[in-house]
$ cat query_21.txt   # compact mmCIF, C-alpha atoms and all ligand atoms
# COMPACT_ATOMS: atom_id res chain seq x y z
CA MET A 1 56.67 -116.45 -72.75
CA VAL A 2 60.01 -118.03 -73.51
CA LEU A 3 61.40 -120.58 -71.07
CA GLN A 4 65.04 -120.72 -71.92
CA SER A 5 67.15 -123.83 -71.47
CA SER A 6 67.84 -124.50 -67.82
CA LEU A 7 71.56 -125.12 -68.19
CA LYS A 8 72.22 -121.93 -70.11
CA ASN A 9 70.15 -119.99 -67.63
CA CYS A 10 71.74 -121.51 -64.59
CA LEU A 11 75.09 -120.45 -65.93
CA GLN A 12 73.77 -116.97 -66.51
CA LEU A 13 72.16 -117.05 -63.13
CA SER A 14 75.36 -118.09 -61.45
CA CYS A 15 76.81 -114.77 -62.61
CA ILE A 16 73.71 -112.79 -61.70
CA LEU A 17 73.05 -114.43 -58.36
CA ARG A 18 76.63 -114.51 -57.24
CA THR A 19 77.02 -110.75 -57.44
CA PRO A 20 78.56 -110.21 -54.00
CA LYS A 21 76.06 -109.14 -51.38
CA ALA A 22 77.95 -105.92 -50.97
CA GLY A 23 78.00 -105.47 -54.76
CA PHE A 24 76.09 -102.46 -56.00
CA ARG A 25 74.21 -101.93 -59.23
CA SER A 26 72.84 -98.56 -60.02
CA THR A 27 69.52 -99.50 -61.67
CA THR A 28 66.41 -101.08 -60.22
CA SER A 29 65.62 -102.86 -63.47
CA GLY A 30 67.88 -105.76 -62.53
CA SER A 31 64.81 -107.48 -61.08
CA LEU A 32 64.45 -111.13 -61.91
CA ILE A 33 61.78 -113.76 -62.38
CA ILE A 34 63.08 -117.25 -61.71
CA GLN A 35 61.43 -120.65 -61.75
CA SER A 36 62.68 -123.86 -60.17
CA ILE A 37 63.11 -126.94 -62.35
CA SER A 38 62.81 -129.08 -59.20
CA ASN A 39 59.65 -130.27 -57.46
CA ASP A 40 61.50 -131.17 -54.28
CA VAL A 41 60.15 -129.15 -51.37
CA TYR A 42 63.46 -129.12 -49.45
CA GLN A 43 65.45 -128.00 -52.49
CA ASN A 44 62.95 -125.25 -53.24
CA LEU A 45 62.89 -124.01 -49.66
CA ALA A 46 66.71 -124.04 -49.83
CA VAL A 47 66.58 -121.72 -52.86
CA GLU A 48 64.57 -119.29 -50.72
CA ASP A 49 67.22 -119.51 -48.00
CA TRP A 50 70.00 -119.06 -50.51
CA ILE A 51 68.52 -115.94 -52.08
CA HIS A 52 67.69 -114.55 -48.65
CA ASP A 53 71.24 -115.12 -47.40
CA HIS A 54 73.29 -114.29 -50.50
CA MET A 55 71.56 -111.86 -52.80
CA ASN A 56 71.88 -108.14 -52.70
CA LEU A 57 68.29 -106.96 -53.06
CA GLU A 58 69.04 -103.27 -52.69
CA ASN A 59 68.66 -102.61 -56.41
CA ARG A 60 66.85 -105.69 -57.56
CA GLN A 61 63.73 -107.58 -56.54
CA VAL A 62 63.19 -111.26 -57.24
CA LEU A 63 60.09 -113.32 -57.92
CA PHE A 64 60.63 -117.05 -57.43
CA LEU A 65 58.06 -119.51 -58.86
CA TRP A 66 58.00 -123.13 -57.73
CA ARG A 67 55.83 -126.24 -57.38
CA ASN A 68 56.31 -129.30 -55.22
CA SER A 69 55.39 -132.95 -55.36
CA PRO A 70 53.01 -133.84 -52.50
CA ALA A 71 54.15 -132.23 -49.25
CA VAL A 72 52.77 -130.70 -46.10
CA VAL A 73 54.54 -127.46 -45.19
CA ILE A 74 54.28 -126.33 -41.59
CA GLY A 75 55.17 -122.90 -40.22
CA ARG A 76 58.39 -122.21 -38.29
CA HIS A 77 56.70 -122.36 -34.87
CA GLN A 78 54.25 -125.20 -35.43
CA ASN A 79 53.77 -128.71 -34.11
CA PRO A 80 53.47 -131.35 -36.88
CA TRP A 81 51.69 -133.83 -34.56
CA GLN A 82 49.05 -131.17 -33.89
CA GLU A 83 48.71 -130.08 -37.52
CA CYS A 84 48.69 -133.17 -39.66
CA ASN A 85 48.17 -136.89 -39.92
CA LEU A 86 51.76 -138.10 -39.97
CA LYS A 87 50.82 -141.77 -40.26
CA LEU A 88 48.70 -141.14 -43.35
CA MET A 89 51.48 -139.00 -44.82
CA ARG A 90 53.99 -141.83 -44.33
CA GLN A 91 51.59 -144.27 -46.00
CA LYS A 92 51.02 -141.94 -48.95
CA ASN A 93 54.66 -140.90 -49.20
CA ILE A 94 53.82 -137.24 -48.60
CA LYS A 95 56.80 -135.25 -47.35
CA LEU A 96 56.77 -133.04 -44.30
CA ALA A 97 58.70 -129.77 -44.38
CA ARG A 98 59.13 -126.95 -41.88
CA ARG A 99 59.61 -123.58 -43.51
CA ARG A 100 61.50 -120.63 -42.03
CA SER A 101 58.48 -118.32 -42.13
CA GLY A 102 55.75 -118.30 -39.50
CA GLY A 103 52.05 -119.03 -39.93
CA GLY A 104 49.97 -122.12 -40.58
CA THR A 105 50.12 -125.46 -42.36
CA VAL A 106 49.38 -125.93 -46.05
CA TYR A 107 49.30 -128.82 -48.49
CA HIS A 108 51.30 -128.71 -51.72
CA ASP A 109 51.23 -130.85 -54.82
CA LEU A 110 51.79 -130.13 -58.51
CA GLY A 111 48.33 -128.52 -58.59
CA ASN A 112 49.56 -125.77 -56.28
CA ILE A 113 51.85 -122.91 -57.33
CA ASN A 114 54.15 -121.14 -54.87
CA LEU A 115 55.31 -117.57 -55.36
CA THR A 116 58.08 -115.94 -53.34
CA PHE A 117 58.58 -112.17 -53.50
CA PHE A 118 62.06 -111.10 -52.33
CA THR A 119 62.78 -107.49 -51.42
CA THR A 120 64.75 -105.51 -48.91
CA ARG A 121 63.11 -105.44 -45.51
CA LYS A 122 62.14 -101.81 -46.18
CA LYS A 123 60.35 -102.57 -49.44
CA TYR A 124 58.52 -105.66 -48.12
CA GLU A 125 54.82 -105.19 -49.01
CA ARG A 126 52.56 -108.24 -48.81
CA MET A 127 49.36 -106.46 -49.87
CA GLU A 128 51.01 -105.06 -53.03
CA ASN A 129 52.26 -108.52 -54.01
CA LEU A 130 48.87 -110.12 -53.51
CA LYS A 131 47.17 -107.33 -55.46
CA LEU A 132 49.63 -108.07 -58.25
CA VAL A 133 48.53 -111.73 -58.22
CA VAL A 134 44.84 -110.74 -58.24
CA LYS A 135 45.49 -108.31 -61.11
CA ALA A 136 47.20 -111.08 -63.09
CA LEU A 137 44.27 -113.45 -62.47
CA LYS A 138 41.80 -110.78 -63.55
CA ALA A 139 43.84 -110.02 -66.67
CA LEU A 140 43.60 -113.68 -67.60
CA ARG A 141 39.95 -114.20 -66.66
CA PRO A 142 38.13 -110.90 -65.94
CA GLN A 143 35.04 -112.72 -64.65
CA LEU A 144 36.91 -114.29 -61.68
CA ASP A 145 35.67 -113.00 -58.32
CA VAL A 146 38.97 -112.87 -56.42
CA HIS A 147 40.04 -110.54 -53.63
CA VAL A 148 42.61 -110.20 -50.87
CA THR A 149 41.45 -110.36 -47.25
CA ASP A 150 42.87 -108.43 -44.32
CA ARG A 151 44.69 -111.61 -43.21
CA TYR A 152 46.36 -111.79 -46.62
CA ASP A 153 44.42 -114.78 -47.95
CA ILE A 154 43.11 -114.63 -51.51
CA LEU A 155 39.47 -115.68 -51.67
CA LEU A 156 37.48 -116.90 -54.62
CA ASP A 157 33.73 -116.14 -54.70
CA ARG A 158 33.99 -114.35 -51.31
CA GLN A 159 34.34 -117.60 -49.35
CA TYR A 160 36.88 -120.04 -50.73
CA LYS A 161 40.55 -119.69 -49.98
CA ILE A 162 42.80 -120.12 -53.02
CA SER A 163 45.96 -118.62 -51.51
CA GLY A 164 47.65 -118.49 -48.10
CA THR A 165 50.50 -116.19 -47.11
CA ALA A 166 53.54 -116.25 -44.83
CA ALA A 167 56.67 -114.14 -44.55
CA LYS A 168 60.19 -114.01 -43.24
CA LEU A 169 61.74 -110.73 -42.24
CA GLY A 170 65.51 -110.81 -42.01
CA ARG A 171 67.73 -108.02 -40.76
CA THR A 172 68.08 -106.43 -44.20
CA THR A 173 66.18 -108.67 -46.60
CA ALA A 174 62.71 -110.13 -46.50
CA TYR A 175 60.47 -112.43 -48.40
CA HIS A 176 56.76 -112.94 -48.67
CA HIS A 177 55.58 -116.24 -50.08
CA CYS A 178 52.13 -117.46 -50.97
CA THR A 179 50.38 -120.45 -52.47
CA LEU A 180 47.90 -120.57 -55.34
CA LEU A 181 45.55 -123.53 -55.57
CA CYS A 182 45.02 -124.51 -59.21
CA ASN A 183 44.02 -128.16 -59.15
CA ALA A 184 45.49 -129.64 -56.00
CA ASP A 185 44.01 -132.86 -54.62
CA LYS A 186 41.43 -131.46 -52.18
CA PHE A 187 40.63 -134.86 -50.74
CA VAL A 188 44.26 -135.49 -49.82
CA LEU A 189 44.60 -131.87 -48.63
CA SER A 190 41.80 -132.19 -46.10
CA SER A 191 42.69 -135.70 -44.95
CA VAL A 192 46.38 -134.99 -44.27
CA LEU A 193 45.65 -131.69 -42.53
CA LYS A 194 43.67 -133.48 -39.80
CA SER A 195 45.54 -134.52 -36.68
CA PRO A 196 44.42 -137.73 -34.96
CA TYR A 197 45.67 -136.41 -31.57
CA LYS A 198 43.20 -135.46 -28.86
CA GLY A 199 45.17 -134.87 -25.66
CA LEU A 200 47.95 -132.72 -27.11
CA LYS A 201 48.79 -129.44 -25.37
CA SER A 202 51.21 -126.87 -26.71
CA ASN A 203 51.84 -123.19 -27.31
CA ALA A 204 52.74 -123.80 -30.95
CA THR A 205 51.09 -121.57 -33.57
CA PRO A 206 47.79 -123.17 -34.60
CA SER A 207 46.65 -123.10 -38.23
CA VAL A 208 43.45 -121.36 -39.27
CA PRO A 209 41.45 -123.92 -41.30
CA ALA A 210 39.45 -122.59 -44.23
CA SER A 211 37.25 -123.86 -47.05
CA VAL A 212 39.46 -124.14 -50.07
CA LYS A 213 38.77 -124.23 -53.78
CA ASN A 214 40.89 -124.79 -56.86
CA LEU A 215 40.93 -122.11 -59.57
CA PHE A 216 40.43 -124.81 -62.19
CA GLU A 217 37.11 -125.79 -60.61
CA GLU A 218 35.94 -122.30 -61.49
CA ASP A 219 37.48 -122.35 -64.97
CA PRO A 220 38.65 -125.72 -66.33
CA SER A 221 40.23 -124.07 -69.37
CA LEU A 222 43.01 -122.61 -67.19
CA THR A 223 46.43 -124.27 -66.91
CA TRP A 224 49.13 -123.66 -64.31
CA LYS A 225 51.44 -122.48 -67.07
CA MET A 226 48.92 -119.80 -68.08
CA LEU A 227 48.75 -118.65 -64.47
CA LEU A 228 52.53 -118.53 -64.06
CA ASP A 229 52.90 -116.59 -67.28
CA ALA A 230 50.17 -114.12 -66.33
CA ILE A 231 51.81 -113.50 -62.95
CA ALA A 232 55.26 -113.15 -64.55
CA GLU A 233 53.81 -110.72 -67.09
CA GLU A 234 52.26 -108.53 -64.40
CA TYR A 235 55.43 -108.62 -62.27
CA ALA A 236 57.52 -107.67 -65.31
CA THR A 237 55.24 -104.75 -66.13
CA GLN A 238 55.31 -103.43 -62.56
CA HIS A 239 59.11 -103.80 -62.31
CA GLN A 240 59.83 -102.59 -65.83
CA ILE A 241 61.70 -105.72 -66.81
CA ASP A 242 61.50 -108.23 -69.58
CA HIS A 243 58.93 -110.90 -68.75
CA HIS A 244 61.12 -113.92 -69.47
CA ILE A 245 61.39 -116.55 -66.76
CA THR A 246 64.87 -117.80 -65.89
CA LEU A 247 64.98 -121.47 -64.98
CA ILE A 248 67.04 -122.44 -61.97
CA ASN A 249 68.31 -125.83 -60.83
CA PRO A 250 68.40 -125.93 -57.01
CA ALA A 251 70.91 -128.78 -57.06
CA ASP A 252 73.45 -126.67 -58.97
CA GLU A 253 76.19 -126.06 -56.46
CA THR A 254 78.12 -123.96 -59.02
CA ALA A 255 75.30 -121.47 -59.47
CA LEU A 256 74.28 -121.56 -55.81
CA PRO A 257 77.28 -122.46 -53.65
CA GLY A 258 76.27 -124.09 -50.38
CA ILE A 259 72.70 -124.85 -51.54
CA ASN A 260 72.96 -128.61 -51.00
CA ASN A 261 73.84 -128.14 -47.34
CA LYS A 262 70.86 -125.85 -46.92
CA ALA A 263 68.54 -128.47 -48.45
CA LYS A 264 70.06 -131.15 -46.21
CA GLU A 265 69.46 -129.08 -43.11
CA LEU A 266 65.84 -128.40 -44.09
CA GLN A 267 65.32 -132.16 -44.51
CA SER A 268 66.89 -133.16 -41.22
CA TRP A 269 64.86 -134.64 -38.37
CA GLU A 270 66.36 -131.99 -36.08
CA TRP A 271 64.86 -129.18 -38.15
CA VAL A 272 61.53 -130.74 -39.20
CA TYR A 273 60.57 -132.34 -35.87
CA GLY A 274 63.24 -131.12 -33.46
CA LYS A 275 62.21 -127.46 -33.78
CA THR A 276 58.72 -128.20 -32.46
CA PRO A 277 57.89 -126.05 -29.43
CA LYS A 278 57.65 -128.08 -26.23
CA PHE A 279 54.36 -129.99 -25.90
CA SER A 280 52.63 -132.62 -23.81
CA VAL A 281 50.49 -135.61 -24.70
CA SER A 282 47.97 -137.10 -22.26
CA THR A 283 46.15 -140.03 -23.69
CA CYS A 284 44.51 -143.37 -22.93
CA PHE A 285 44.32 -146.57 -24.92
CA ASN A 286 42.72 -149.95 -24.43
CA MET A 287 44.72 -153.15 -24.57
CA VAL A 288 42.77 -156.29 -25.24
CA HIS A 289 44.65 -159.22 -23.82
CA LYS A 290 43.18 -162.73 -23.60
CA ASP A 291 39.67 -162.07 -22.26
CA SER A 292 40.29 -158.81 -20.49
CA VAL A 293 40.39 -155.17 -21.58
CA LEU A 294 42.85 -152.95 -19.85
CA ASP A 295 42.84 -149.12 -19.75
CA VAL A 296 46.28 -147.59 -20.00
CA LYS A 297 46.96 -143.93 -19.35
CA VAL A 298 50.07 -142.32 -20.80
CA ASP A 299 51.47 -138.84 -20.13
CA MET A 300 54.49 -137.49 -21.95
CA ASP A 301 56.34 -134.19 -22.17
CA VAL A 302 58.14 -133.71 -25.46
CA LYS A 303 60.92 -131.15 -25.89
CA HIS A 304 62.87 -130.60 -29.13
CA GLY A 305 60.91 -133.60 -30.47
CA ARG A 306 62.31 -135.89 -27.76
CA ILE A 307 60.46 -137.49 -24.86
CA GLU A 308 61.54 -135.63 -21.74
CA VAL A 309 59.15 -137.12 -19.20
CA CYS A 310 57.06 -140.26 -19.60
CA HIS A 311 54.48 -141.87 -17.29
CA ILE A 312 52.71 -145.10 -18.14
CA ASN A 313 49.93 -145.97 -15.79
CA LEU A 314 48.91 -149.63 -15.71
CA PRO A 315 48.07 -152.16 -12.95
CA GLU A 316 51.02 -153.81 -11.20
CA GLN A 317 49.40 -157.23 -11.52
CA TRP A 318 49.39 -156.92 -15.29
CA LEU A 319 53.06 -156.09 -15.76
CA PRO A 320 55.77 -156.00 -13.09
CA PRO A 321 56.65 -152.33 -12.39
CA ALA A 322 60.33 -153.09 -13.07
CA LEU A 323 59.52 -154.01 -16.69
CA CYS A 324 57.32 -150.99 -17.18
CA SER A 325 60.03 -148.69 -15.83
CA GLU A 326 62.58 -150.29 -18.19
CA LEU A 327 60.41 -149.13 -21.06
CA VAL A 328 59.94 -145.67 -19.53
CA LYS A 329 63.69 -145.40 -18.97
CA SER A 330 64.57 -146.13 -22.56
CA LEU A 331 61.81 -143.94 -23.95
CA THR A 332 63.09 -140.98 -21.94
CA GLY A 333 65.42 -138.93 -24.13
CA SER A 334 64.47 -140.78 -27.31
CA LYS A 335 62.77 -139.24 -30.36
CA PHE A 336 58.97 -139.05 -30.31
CA CYS A 337 58.97 -141.15 -33.43
CA PRO A 338 57.53 -144.59 -34.31
CA ASN A 339 60.73 -145.87 -35.94
CA GLU A 340 62.91 -145.01 -32.99
CA THR A 341 60.39 -146.47 -30.51
CA THR A 342 60.09 -149.67 -32.56
CA THR A 343 63.88 -150.07 -32.53
CA LEU A 344 64.21 -149.54 -28.82
CA ALA A 345 61.23 -151.80 -28.09
CA THR A 346 62.79 -154.57 -30.21
CA THR A 347 66.03 -154.25 -28.26
CA LEU A 348 64.17 -154.33 -24.94
CA LEU A 349 62.06 -157.34 -25.94
CA ARG A 350 65.24 -159.29 -26.61
CA VAL A 351 66.28 -158.89 -22.97
CA CYS A 352 62.76 -159.45 -21.65
CA PRO A 353 62.37 -162.47 -19.30
CA GLN A 354 61.79 -165.61 -21.29
CA ASP A 355 58.29 -165.91 -19.93
CA ASP A 356 55.85 -166.15 -22.85
CA GLU A 357 53.02 -164.51 -21.01
CA LEU A 358 55.10 -161.54 -19.84
CA HIS A 359 56.71 -161.29 -23.24
CA SER A 360 53.39 -161.01 -25.05
CA ARG A 361 52.07 -158.42 -22.57
CA TRP A 362 55.19 -156.32 -22.91
CA ASN A 363 55.09 -156.61 -26.69
CA LEU A 364 51.47 -155.44 -26.69
CA LEU A 365 52.36 -152.43 -24.55
CA CYS A 366 55.29 -151.52 -26.84
CA GLU A 367 53.10 -151.82 -29.95
CA ASN A 368 50.55 -149.49 -28.43
CA MET A 369 53.23 -146.97 -27.49
CA VAL A 370 54.50 -146.98 -31.11
CA MET A 371 50.95 -146.37 -32.34
CA LEU A 372 50.80 -143.19 -30.24
CA MET A 373 53.52 -141.54 -32.34
N1 LIG B 401 47.98 -124.84 -50.73
C1 LIG B 401 47.06 -124.17 -50.05
N2 LIG B 401 46.67 -122.95 -50.45
C2 LIG B 401 45.74 -122.25 -49.77
N3 LIG B 401 45.13 -122.70 -48.66
C3 LIG B 401 45.49 -123.91 -48.22
C4 LIG B 401 46.45 -124.71 -48.89
N4 LIG B 401 46.60 -125.87 -48.19
C5 LIG B 401 45.76 -125.79 -47.15
N5 LIG B 401 45.08 -124.61 -47.15
C6 LIG B 401 44.09 -124.11 -46.19
O1 LIG B 401 44.72 -123.10 -45.38
C7 LIG B 401 44.62 -123.47 -43.98
C8 LIG B 401 45.81 -122.94 -43.19
O2 LIG B 401 45.75 -121.54 -43.22
P1 LIG B 401 46.74 -120.64 -42.35
O3 LIG B 401 46.30 -119.23 -42.55
O4 LIG B 401 46.81 -121.16 -40.95
O5 LIG B 401 48.17 -120.87 -42.99
C9 LIG B 401 48.54 -120.46 -44.25
O6 LIG B 401 47.73 -120.14 -45.10
C10 LIG B 401 50.04 -120.50 -44.47
C11 LIG B 401 50.44 -120.18 -45.88
C12 LIG B 401 51.91 -120.52 -46.12
C13 LIG B 401 52.31 -120.27 -47.53
C14 LIG B 401 53.73 -120.68 -47.83
C15 LIG B 401 54.10 -120.37 -49.23
C16 LIG B 401 55.26 -121.17 -49.71
S1 LIG B 401 55.69 -122.43 -48.62
S2 LIG B 401 54.02 -122.40 -47.61
C17 LIG B 401 44.53 -124.98 -44.02
O7 LIG B 401 43.97 -125.52 -42.84
C18 LIG B 401 43.63 -125.20 -45.24
O8 LIG B 401 42.29 -124.96 -44.91
$ encode --input "query_21.txt" --output "structure tokens"
Amino acid sequence: MVLQSSLKNCLQLSCILRTPKAGFRSTTSGSLIIQSISNDVYQNLAVEDWIHDHMNLENRQVLFLWRNSPAVVIGRHQNPWQECNLKLMRQKNIKLARRRSGGGTVYHDLGNINLTFFTTRKKYERMENLKLVVKALKALRPQLDVHVTDRYDILLDRQYKISGTAAKLGRTTAYHHCTLLCNADKFVLSSVLKSPYKGLKSNATPSVPASVKNLFEEDPSLTWKMLLDAIAEEYATQHQIDHHITLINPADETALPGINNKAKELQSWEWVYGKTPKFSVSTCFNMVHKDSVLDVKVDMDVKHGRIEVCHINLPEQWLPPALCSELVKSLTGSKFCPNETTTLATTLLRVCPQDDELHSRWNLLCENMVMLM
């Protein structure tokens, strides 16, 4: 398989991809296999958006191949607080992305391949695409026991998930995308996909946890490049095109006009957290102060990622109600986010009465509130 130089290809691609949406080509063999040169999850999701919004898929189908540096990708209608361990992700520098398709939460790193199949809405066929992937795997290693389930997972050895699927159906165009676990970090995968929250209630789509396995555990002689090539080969055969992969640079505004704005939007707090369906948190924590332990109960309603209603229940003797309601007042309307809460707590503590005892109690309460987020 020849991977041509990215620059040359992006220039070619700018001509191919920028065929006006209304433009019409009379053959179906204009199908394309493209691969991203970026490992940035937001840029790669932006490529999906771009193709979905700008390409005429009437006479051409597109297969997009991409890999990301460590990231957790939640579905369009999911709640990140419910699906993953955000604190651990911040510590490990693992990005959080919300995709435009529905479904559950998955972990990506360079040991995971993503495949996006673009078609018209009419030709959208998830089962056919997944069968193509299975066929490619079998062509490479006939002994692999891989099959597609009725929920569009690909299983290895009848029990281990190696691929998860999601889709976006637009008015005229559609895409189906799936993962393929090659040698992703399974320890990180399972630890980041565990939420520490107990009292969280929401109608957000829940994920369906599964036992996962990497293909390379089954056959260490495989490489991700071999898998990509095998899939490209099978796609090319089925679409009667040449099997070469065209490299694409998702930061290339000339080839993909408007792409950088799409990536920016996908990275914004408003999209990633703000699109979370309304949820509530009811929780308790202990505050150890001097020799006593105090139980604090907190109830919050969160809408568009912002605290809409907040109740903090703690004894009047411990903190004057006026101080507690100052905190509640500034939390209301603010982002359900540790950074924002830390900033507003710092501001509040500056105007707190210069009483050391009260100051330290209030500080303790603020610290505990930050830890909830
Ligand atoms: N990378 C990867 N591949 C396969 N399975 C995974 C992966 N990461 C986690 N999981 C397992 O799947 C469940 C969630 O399964 P669930 O069925 O809830 O969700 C999915 O499968 C969604 C797939 C989305 C694919 C898109 C393609 C391009 S961008 S993301 C999770 O709890 C883990 O047990």
$ residues_near_ligand --input "query_21.txt" --ligand "ligand LIG 401 (chain B)" --cutoff "8 Å" --atoms "all atoms listed in the file" --output "JSON, numbers by chain"
{"A": [45, 73, 74, 75, 99, 101, 102, 103, 104, 105, 106, 107, 108, 109, 112, 113, 114, 115, 116, 151, 153, 161, 162, 163, 164, 165, 166, 167, 176, 177, 178, 179, 180, 181, 184, 189, 190, 193, 206, 207, 208, 209, 210, 211, 212]}
$ closest_residue --input "query_21.txt" --among "A:Val47, A:Ile154, A:Leu344, A:Met373" --to "A:Glu253" --atoms "only C-alpha atoms"
A:Val47
$ residues_near_point --input "query_21.txt" --point "(58.8, -121.1, -65.5)" --cutoff "8 Å" --atoms "only C-alpha atoms" --output "NGL selection string"
:A and (3 or 34-37 or 65 or 225 or 228-229 or 245-247)
$ closest_residue --input "query_21.txt" --among "A:Trp66, A:Tyr124, A:Tyr42, A:Tyr152" --to "A:Lys262" --atoms "all atoms listed in the file"
A:Tyr42
$ closest_residue --input "query_21.txt" --among "A:Ile259, A:Leu266, A:Ile307, A:Ala322" --to "A:His54" --atoms "all atoms listed in the file"
A:Ile259
$ closest_residue --input "query_21.txt" --among "A:Tyr160, A:Phe336, A:Phe285, A:Trp50" --to "A:Trp269" --atoms "all atoms listed in the file"
A:Phe336
$ atom_distance --input "query_21.txt" --atom1 "atom CA of A:Ile248" --atom2 "atom CA of A:Arg90"
29.3 Å
